[in-house]
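Single-structure report; data block below.
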Amino acid sequence: MMLVQATWQDQQTFRMIPVSSECPYVECIFDPGTKVFVIISKIKRVSLQMLPKLDEYGHAATGSKGRKEERHKVEVFQEFYIEHTSAIKDLVELFAVNAKAFDYNQYLAEEAPVKKAK
């Protein structure tokens, strides 16, 4: 995988993208707001999700209580969430081909607390 700079929810961060088809992950991204590293693997699973009910024209059906929904089985990629900074660093060093050249630590650093004026 290769580290690249990215934007996530209007904040600068990093993500890892696959560089070959043999890579076991679809994508990895670091959420700077929660400091969680999200790994999306190629492992698929079935998830039950509520989706809008469609009419015969493919439009979302509405009723007296608003939008109608129905439960569907949806095939999704398995996600993993890594919270500890040391584990995030270990994974990046293990999988990123450009880990030494890309400064991903700047996104992992805790922000300094703001001092209040007296």
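How things are named: the first chain in the structure tokens is A, the next is B, and so on; residues count from 1 in each chain; ligands count from 1 in the order shown.
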Please report, as a VMD selection string, each residue of chain A to which DSSP assigns strand (DSSP E) when run on this structure's backbone. chain A and resid 2 to 8 11 to 17 25 to 31 36 to 52 62 to 63 66 to 67 69 to 82
Surrounding residues of Gln49 (chain A) excluding itself and chain neighbours under 5 positions, 7 Å, only C-alpha atoms, as a PDB file with N, CA, C and O atoms, in the first residue's frame:
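Output file out-v3.pdb follows:
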```
ATOM      1  N   ARG A  71     -36.068  -3.529   4.900  1.00  0.00           N
ATOM      2  CA  ARG A  71     -34.788  -4.141   5.237  1.00  0.00           C
ATOM      3  C   ARG A  71     -34.276  -4.955   4.051  1.00  0.00           C
ATOM      4  O   ARG A  71     -35.017  -5.711   3.435  1.00  0.00           O
ATOM      5  N   HIS A  72     -32.980  -4.763   3.745  1.00  0.00           N
ATOM      6  CA  HIS A  72     -32.323  -5.496   2.659  1.00  0.00           C
ATOM      7  C   HIS A  72     -31.030  -6.098   3.159  1.00  0.00           C
ATOM      8  O   HIS A  72     -30.365  -5.535   4.025  1.00  0.00           O
ATOM      9  N   LYS A  73     -30.651  -7.233   2.571  1.00  0.00           N
ATOM     10  CA  LYS A  73     -29.328  -7.806   2.803  1.00  0.00           C
ATOM     11  C   LYS A  73     -28.374  -7.151   1.815  1.00  0.00           C
ATOM     12  O   LYS A  73     -28.622  -7.157   0.613  1.00  0.00           O
ATOM     13  N   VAL A  74     -27.297  -6.572   2.339  1.00  0.00           N
ATOM     14  CA  VAL A  74     -26.332  -5.872   1.516  1.00  0.00           C
ATOM     15  C   VAL A  74     -24.953  -6.461   1.786  1.00  0.00           C
ATOM     16  O   VAL A  74     -24.556  -6.638   2.937  1.00  0.00           O
TER      17      VAL A  74
END
```
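Every protein or nucleic acid residue with an atom no more than 9 Å from Tyr104 (chain A), counting only C-alpha atoms and leaving out same-chain residues fewer than 2 positions away, appears here: Leu3, Val4, Gln5, Thr13, Phe14, Lys89, Val92, Ala99, Phe102, Gln106, Tyr107 and Leu108 of chain A.
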If you keep N, CA and C atoms, can you produce a file of those selected residues as a PDB file, in the first residue's frame?
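Printed below is again_3.pdb as written:
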```pdb
ATOM      1  N   LEU A   3       1.087   5.400   1.088  1.00  0.00           N
ATOM      2  CA  LEU A   3       0.538   6.511   1.857  1.00  0.00           C
ATOM      3  C   LEU A   3       0.347   7.718   0.956  1.00  0.00           C
ATOM      4  N   VAL A   4      -0.815   8.371   1.081  1.00  0.00           N
ATOM      5  CA  VAL A   4      -1.100   9.599   0.342  1.00  0.00           C
ATOM      6  C   VAL A   4      -1.793  10.577   1.272  1.00  0.00           C
ATOM      7  N   GLN A   5      -1.627  11.861   0.981  1.00  0.00           N
ATOM      8  CA  GLN A   5      -2.307  12.909   1.737  1.00  0.00           C
ATOM      9  C   GLN A   5      -3.762  12.923   1.306  1.00  0.00           C
ATOM     10  N   THR A  13      -5.472  14.703   6.457  1.00  0.00           N
ATOM     11  CA  THR A  13      -5.137  13.417   7.031  1.00  0.00           C
ATOM     12  C   THR A  13      -4.333  12.603   6.026  1.00  0.00           C
ATOM     13  N   PHE A  14      -4.181  11.322   6.299  1.00  0.00           N
ATOM     14  CA  PHE A  14      -3.517  10.435   5.348  1.00  0.00           C
ATOM     15  C   PHE A  14      -4.369   9.195   5.143  1.00  0.00           C
ATOM     16  N   LYS A  89       0.953   2.932  13.971  1.00  0.00           N
ATOM     17  CA  LYS A  89       2.313   3.061  13.439  1.00  0.00           C
ATOM     18  C   LYS A  89       2.854   1.717  12.970  1.00  0.00           C
ATOM     19  N   VAL A  92       1.186   0.816   9.624  1.00  0.00           N
ATOM     20  CA  VAL A  92       1.690   1.664   8.531  1.00  0.00           C
ATOM     21  C   VAL A  92       3.090   1.219   8.132  1.00  0.00           C
ATOM     22  N   ALA A  99       6.490   4.433   3.809  1.00  0.00           N
ATOM     23  CA  ALA A  99       6.328   4.832   5.212  1.00  0.00           C
ATOM     24  C   ALA A  99       7.473   5.705   5.719  1.00  0.00           C
ATOM     25  N   PHE A 102       7.107   9.355   3.799  1.00  0.00           N
ATOM     26  CA  PHE A 102       5.882  10.122   4.024  1.00  0.00           C
ATOM     27  C   PHE A 102       5.754  10.426   5.522  1.00  0.00           C
ATOM     28  N   GLN A 106       2.720  13.498  11.560  1.00  0.00           N
ATOM     29  CA  GLN A 106       2.155  14.829  11.790  1.00  0.00           C
ATOM     30  C   GLN A 106       0.639  14.760  11.994  1.00  0.00           C
ATOM     31  N   TYR A 107      -0.022  13.745  11.441  1.00  0.00           N
ATOM     32  CA  TYR A 107      -1.467  13.598  11.596  1.00  0.00           C
ATOM     33  C   TYR A 107      -1.823  12.823  12.863  1.00  0.00           C
ATOM     34  N   LEU A 108      -0.878  12.050  13.382  1.00  0.00           N
ATOM     35  CA  LEU A 108      -1.116  11.277  14.596  1.00  0.00           C
ATOM     36  C   LEU A 108      -0.901  12.093  15.861  1.00  0.00           C
TER      37      LEU A 108
END
```
Measuring between only C-alpha atoms, which one of A:Glu70, A:Asp103, A:Asp10, A:Glu79 shows the shortest distance to Pro24 (chain A)?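 Going through A:Glu70, A:Asp103, A:Asp10, A:Glu79 one by one, the smallest distance to Pro24 (chain A) is for A:Glu79.
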Could you write out, as a PyMOL selection string, all the residues of chain A that DSSP marks as helix (DSSP H, G or I)? chain A and resi 85-95+105-108
Could you please take those selected residues and save N, CA and C atoms as a tab-separated table (two decimals), in the first residue's frame?
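Result file follows (result-v3.tsv):
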```
chain	number	residue	atom	x	y	z
A	85	THR	N	-2.21	4.49	19.00
A	85	THR	CA	-1.23	5.09	18.10
A	85	THR	C	-0.10	4.13	17.77
A	86	SER	N	0.36	3.36	18.74
A	86	SER	CA	1.47	2.43	18.48
A	86	SER	C	1.05	1.34	17.48
A	87	ALA	N	-0.18	0.87	17.58
A	87	ALA	CA	-0.68	-0.14	16.63
A	87	ALA	C	-0.84	0.46	15.24
A	88	ILE	N	-1.27	1.70	15.16
A	88	ILE	CA	-1.41	2.38	13.86
A	88	ILE	C	-0.04	2.50	13.20
A	89	LYS	N	0.95	2.93	13.97
A	89	LYS	CA	2.31	3.06	13.44
A	89	LYS	C	2.85	1.72	12.97
A	90	ASP	N	2.62	0.66	13.74
A	90	ASP	CA	3.08	-0.68	13.36
A	90	ASP	C	2.47	-1.12	12.03
A	91	LEU	N	1.18	-0.90	11.87
A	91	LEU	CA	0.50	-1.29	10.61
A	91	LEU	C	1.01	-0.48	9.43
A	92	VAL	N	1.19	0.82	9.62
A	92	VAL	CA	1.69	1.66	8.53
A	92	VAL	C	3.09	1.22	8.13
A	93	GLU	N	3.95	0.99	9.11
A	93	GLU	CA	5.32	0.56	8.81
A	93	GLU	C	5.35	-0.80	8.13
A	94	LEU	N	4.41	-1.67	8.47
A	94	LEU	CA	4.36	-3.02	7.89
A	94	LEU	C	3.85	-3.01	6.45
A	95	PHE	N	2.85	-2.18	6.14
A	95	PHE	CA	2.19	-2.25	4.84
A	95	PHE	C	2.52	-1.12	3.86
A	105	ASN	N	3.26	10.90	10.78
A	105	ASN	CA	3.24	11.20	12.21
A	105	ASN	C	2.65	12.58	12.51
A	106	GLN	N	2.72	13.50	11.56
A	106	GLN	CA	2.16	14.83	11.79
A	106	GLN	C	0.64	14.76	11.99
A	107	TYR	N	-0.02	13.75	11.44
A	107	TYR	CA	-1.47	13.60	11.60
A	107	TYR	C	-1.82	12.82	12.86
A	108	LEU	N	-0.88	12.05	13.38
A	108	LEU	CA	-1.12	11.28	14.60
A	108	LEU	C	-0.90	12.09	15.86
```
Do you know which residues are at most 8 Å from Met1 (chain A) counting only C-alpha atoms, after dropping those on the same chain fewer than 5 positions away, and could you put them as a PyMOL selection string? chain A and resi 16-20+23+95-97
Residues just named, written with N, CA, C and O atoms as a compact mmCIF listing (two decimals), in the first residue's frame:
```
# COMPACT_ATOMS: atom_id res chain seq x y z
N MET A 16 -4.11 5.10 3.03
CA MET A 16 -3.26 4.15 2.33
C MET A 16 -4.09 3.53 1.21
O MET A 16 -5.24 3.12 1.43
N ILE A 17 -3.51 3.49 0.03
CA ILE A 17 -4.20 2.93 -1.13
C ILE A 17 -3.40 1.74 -1.64
O ILE A 17 -2.17 1.71 -1.54
N PRO A 18 -4.08 0.73 -2.19
CA PRO A 18 -3.36 -0.45 -2.68
C PRO A 18 -2.54 -0.13 -3.93
O PRO A 18 -2.95 0.68 -4.75
N VAL A 19 -1.39 -0.78 -4.04
CA VAL A 19 -0.55 -0.61 -5.22
C VAL A 19 -0.51 -1.87 -6.08
O VAL A 19 0.10 -1.87 -7.14
N SER A 20 -1.18 -2.93 -5.60
CA SER A 20 -1.27 -4.15 -6.40
C SER A 20 -2.59 -4.85 -6.07
O SER A 20 -3.21 -4.60 -5.04
N CYS A 23 -3.07 -6.95 -2.66
CA CYS A 23 -3.22 -6.28 -1.37
C CYS A 23 -4.51 -6.75 -0.68
O CYS A 23 -5.56 -6.80 -1.31
N PHE A 95 2.85 -2.18 6.14
CA PHE A 95 2.19 -2.25 4.84
C PHE A 95 2.52 -1.12 3.86
O PHE A 95 2.38 -1.31 2.65
N ALA A 96 2.92 0.04 4.33
CA ALA A 96 3.15 1.17 3.43
C ALA A 96 4.55 1.12 2.83
O ALA A 96 5.54 1.09 3.55
N VAL A 97 4.62 1.13 1.50
CA VAL A 97 5.92 1.08 0.82
C VAL A 97 6.69 2.39 0.98
O VAL A 97 7.91 2.40 0.88
```
Find the residues near Gly63 (chain A): any atom within 12 Å, counting only C-alpha atoms, skip ones fewer than 6 places away on the same chain, and give them as a PyMOL selection string. chain A and resi 52-55+69
Store the residues picked out above, limited to all heavy atoms, as a PDB file, in the first residue's frame.
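Output below, filename again.pdb:
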```pdb
ATOM      1  N   PRO A  52     -34.461   2.942   1.483  1.00  0.00           N
ATOM      2  CA  PRO A  52     -35.744   3.481   1.060  1.00  0.00           C
ATOM      3  C   PRO A  52     -36.515   2.478   0.197  1.00  0.00           C
ATOM      4  O   PRO A  52     -35.936   1.799  -0.653  1.00  0.00           O
ATOM      5  CB  PRO A  52     -35.370   4.711   0.222  1.00  0.00           C
ATOM      6  CG  PRO A  52     -33.973   5.037   0.593  1.00  0.00           C
ATOM      7  CD  PRO A  52     -33.339   3.765   1.030  1.00  0.00           C
ATOM      8  N   LYS A  53     -37.803   2.378   0.440  1.00  0.00           N
ATOM      9  CA  LYS A  53     -38.669   1.534  -0.383  1.00  0.00           C
ATOM     10  C   LYS A  53     -38.941   2.297  -1.672  1.00  0.00           C
ATOM     11  O   LYS A  53     -39.245   3.490  -1.655  1.00  0.00           O
ATOM     12  CB  LYS A  53     -39.973   1.239   0.355  1.00  0.00           C
ATOM     13  CG  LYS A  53     -40.836   0.235  -0.337  1.00  0.00           C
ATOM     14  CD  LYS A  53     -42.004  -0.176   0.524  1.00  0.00           C
ATOM     15  CE  LYS A  53     -42.729  -1.315  -0.184  1.00  0.00           C
ATOM     16  NZ  LYS A  53     -43.711  -1.935   0.706  1.00  0.00           N
ATOM     17  N   LEU A  54     -38.805   1.608  -2.805  1.00  0.00           N
ATOM     18  CA  LEU A  54     -38.968   2.264  -4.101  1.00  0.00           C
ATOM     19  C   LEU A  54     -40.320   1.912  -4.708  1.00  0.00           C
ATOM     20  O   LEU A  54     -40.797   0.793  -4.575  1.00  0.00           O
ATOM     21  CB  LEU A  54     -37.837   1.844  -5.046  1.00  0.00           C
ATOM     22  CG  LEU A  54     -36.418   2.121  -4.552  1.00  0.00           C
ATOM     23  CD1 LEU A  54     -35.405   1.602  -5.561  1.00  0.00           C
ATOM     24  CD2 LEU A  54     -36.207   3.598  -4.283  1.00  0.00           C
ATOM     25  N   ASP A  55     -40.890   2.894  -5.415  1.00  0.00           N
ATOM     26  CA  ASP A  55     -42.132   2.620  -6.141  1.00  0.00           C
ATOM     27  C   ASP A  55     -41.806   2.018  -7.498  1.00  0.00           C
ATOM     28  O   ASP A  55     -40.644   1.761  -7.818  1.00  0.00           O
ATOM     29  CB  ASP A  55     -42.992   3.886  -6.259  1.00  0.00           C
ATOM     30  CG  ASP A  55     -42.322   5.005  -7.062  1.00  0.00           C
ATOM     31  OD1 ASP A  55     -41.330   4.732  -7.782  1.00  0.00           O
ATOM     32  OD2 ASP A  55     -42.784   6.148  -6.974  1.00  0.00           O
ATOM     33  N   GLU A  69     -39.323   2.661   4.422  1.00  0.00           N
ATOM     34  CA  GLU A  69     -38.077   1.905   4.317  1.00  0.00           C
ATOM     35  C   GLU A  69     -38.364   0.422   4.423  1.00  0.00           C
ATOM     36  O   GLU A  69     -39.393   0.015   4.951  1.00  0.00           O
ATOM     37  CB  GLU A  69     -37.106   2.305   5.435  1.00  0.00           C
ATOM     38  CG  GLU A  69     -36.580   3.713   5.313  1.00  0.00           C
ATOM     39  CD  GLU A  69     -35.549   4.036   6.371  1.00  0.00           C
ATOM     40  OE1 GLU A  69     -35.589   3.433   7.461  1.00  0.00           O
ATOM     41  OE2 GLU A  69     -34.688   4.874   6.105  1.00  0.00           O
TER      42      GLU A  69
END
```
Record the distance separating CA of Phe77 (chain A) and CA of Ser47 (chain A), expressed in Å with one decimal.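 About the pair CA of Phe77 (chain A) and CA of Ser47 (chain A): they are 9.6 Å apart.
As for CA of Val36 (chain A) and CA of Ala109 (chain A), they are spaced 12.3 Å apart.
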Would you mind listing what lies within 8 Å of Ile40 (chain A) as a compact mmCIF listing (two decimals) with C-alpha atoms, in the first residue's frame, with only C-alpha atoms counted and same-chain residues fewer than 6 positions away left out?
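Result file out17.txt:
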```
# COMPACT_ATOMS: atom_id res chain seq x y z
CA TYR A 25 -7.17 -4.14 1.87
CA VAL A 26 -9.36 -1.90 -0.24
CA GLU A 27 -8.35 1.26 1.62
CA CYS A 28 -7.16 2.56 4.98
CA PHE A 77 -16.51 -5.04 3.08
CA GLN A 78 -15.39 -5.87 6.63
CA GLU A 79 -13.98 -2.88 8.49
CA PHE A 80 -11.46 -2.81 11.31
```
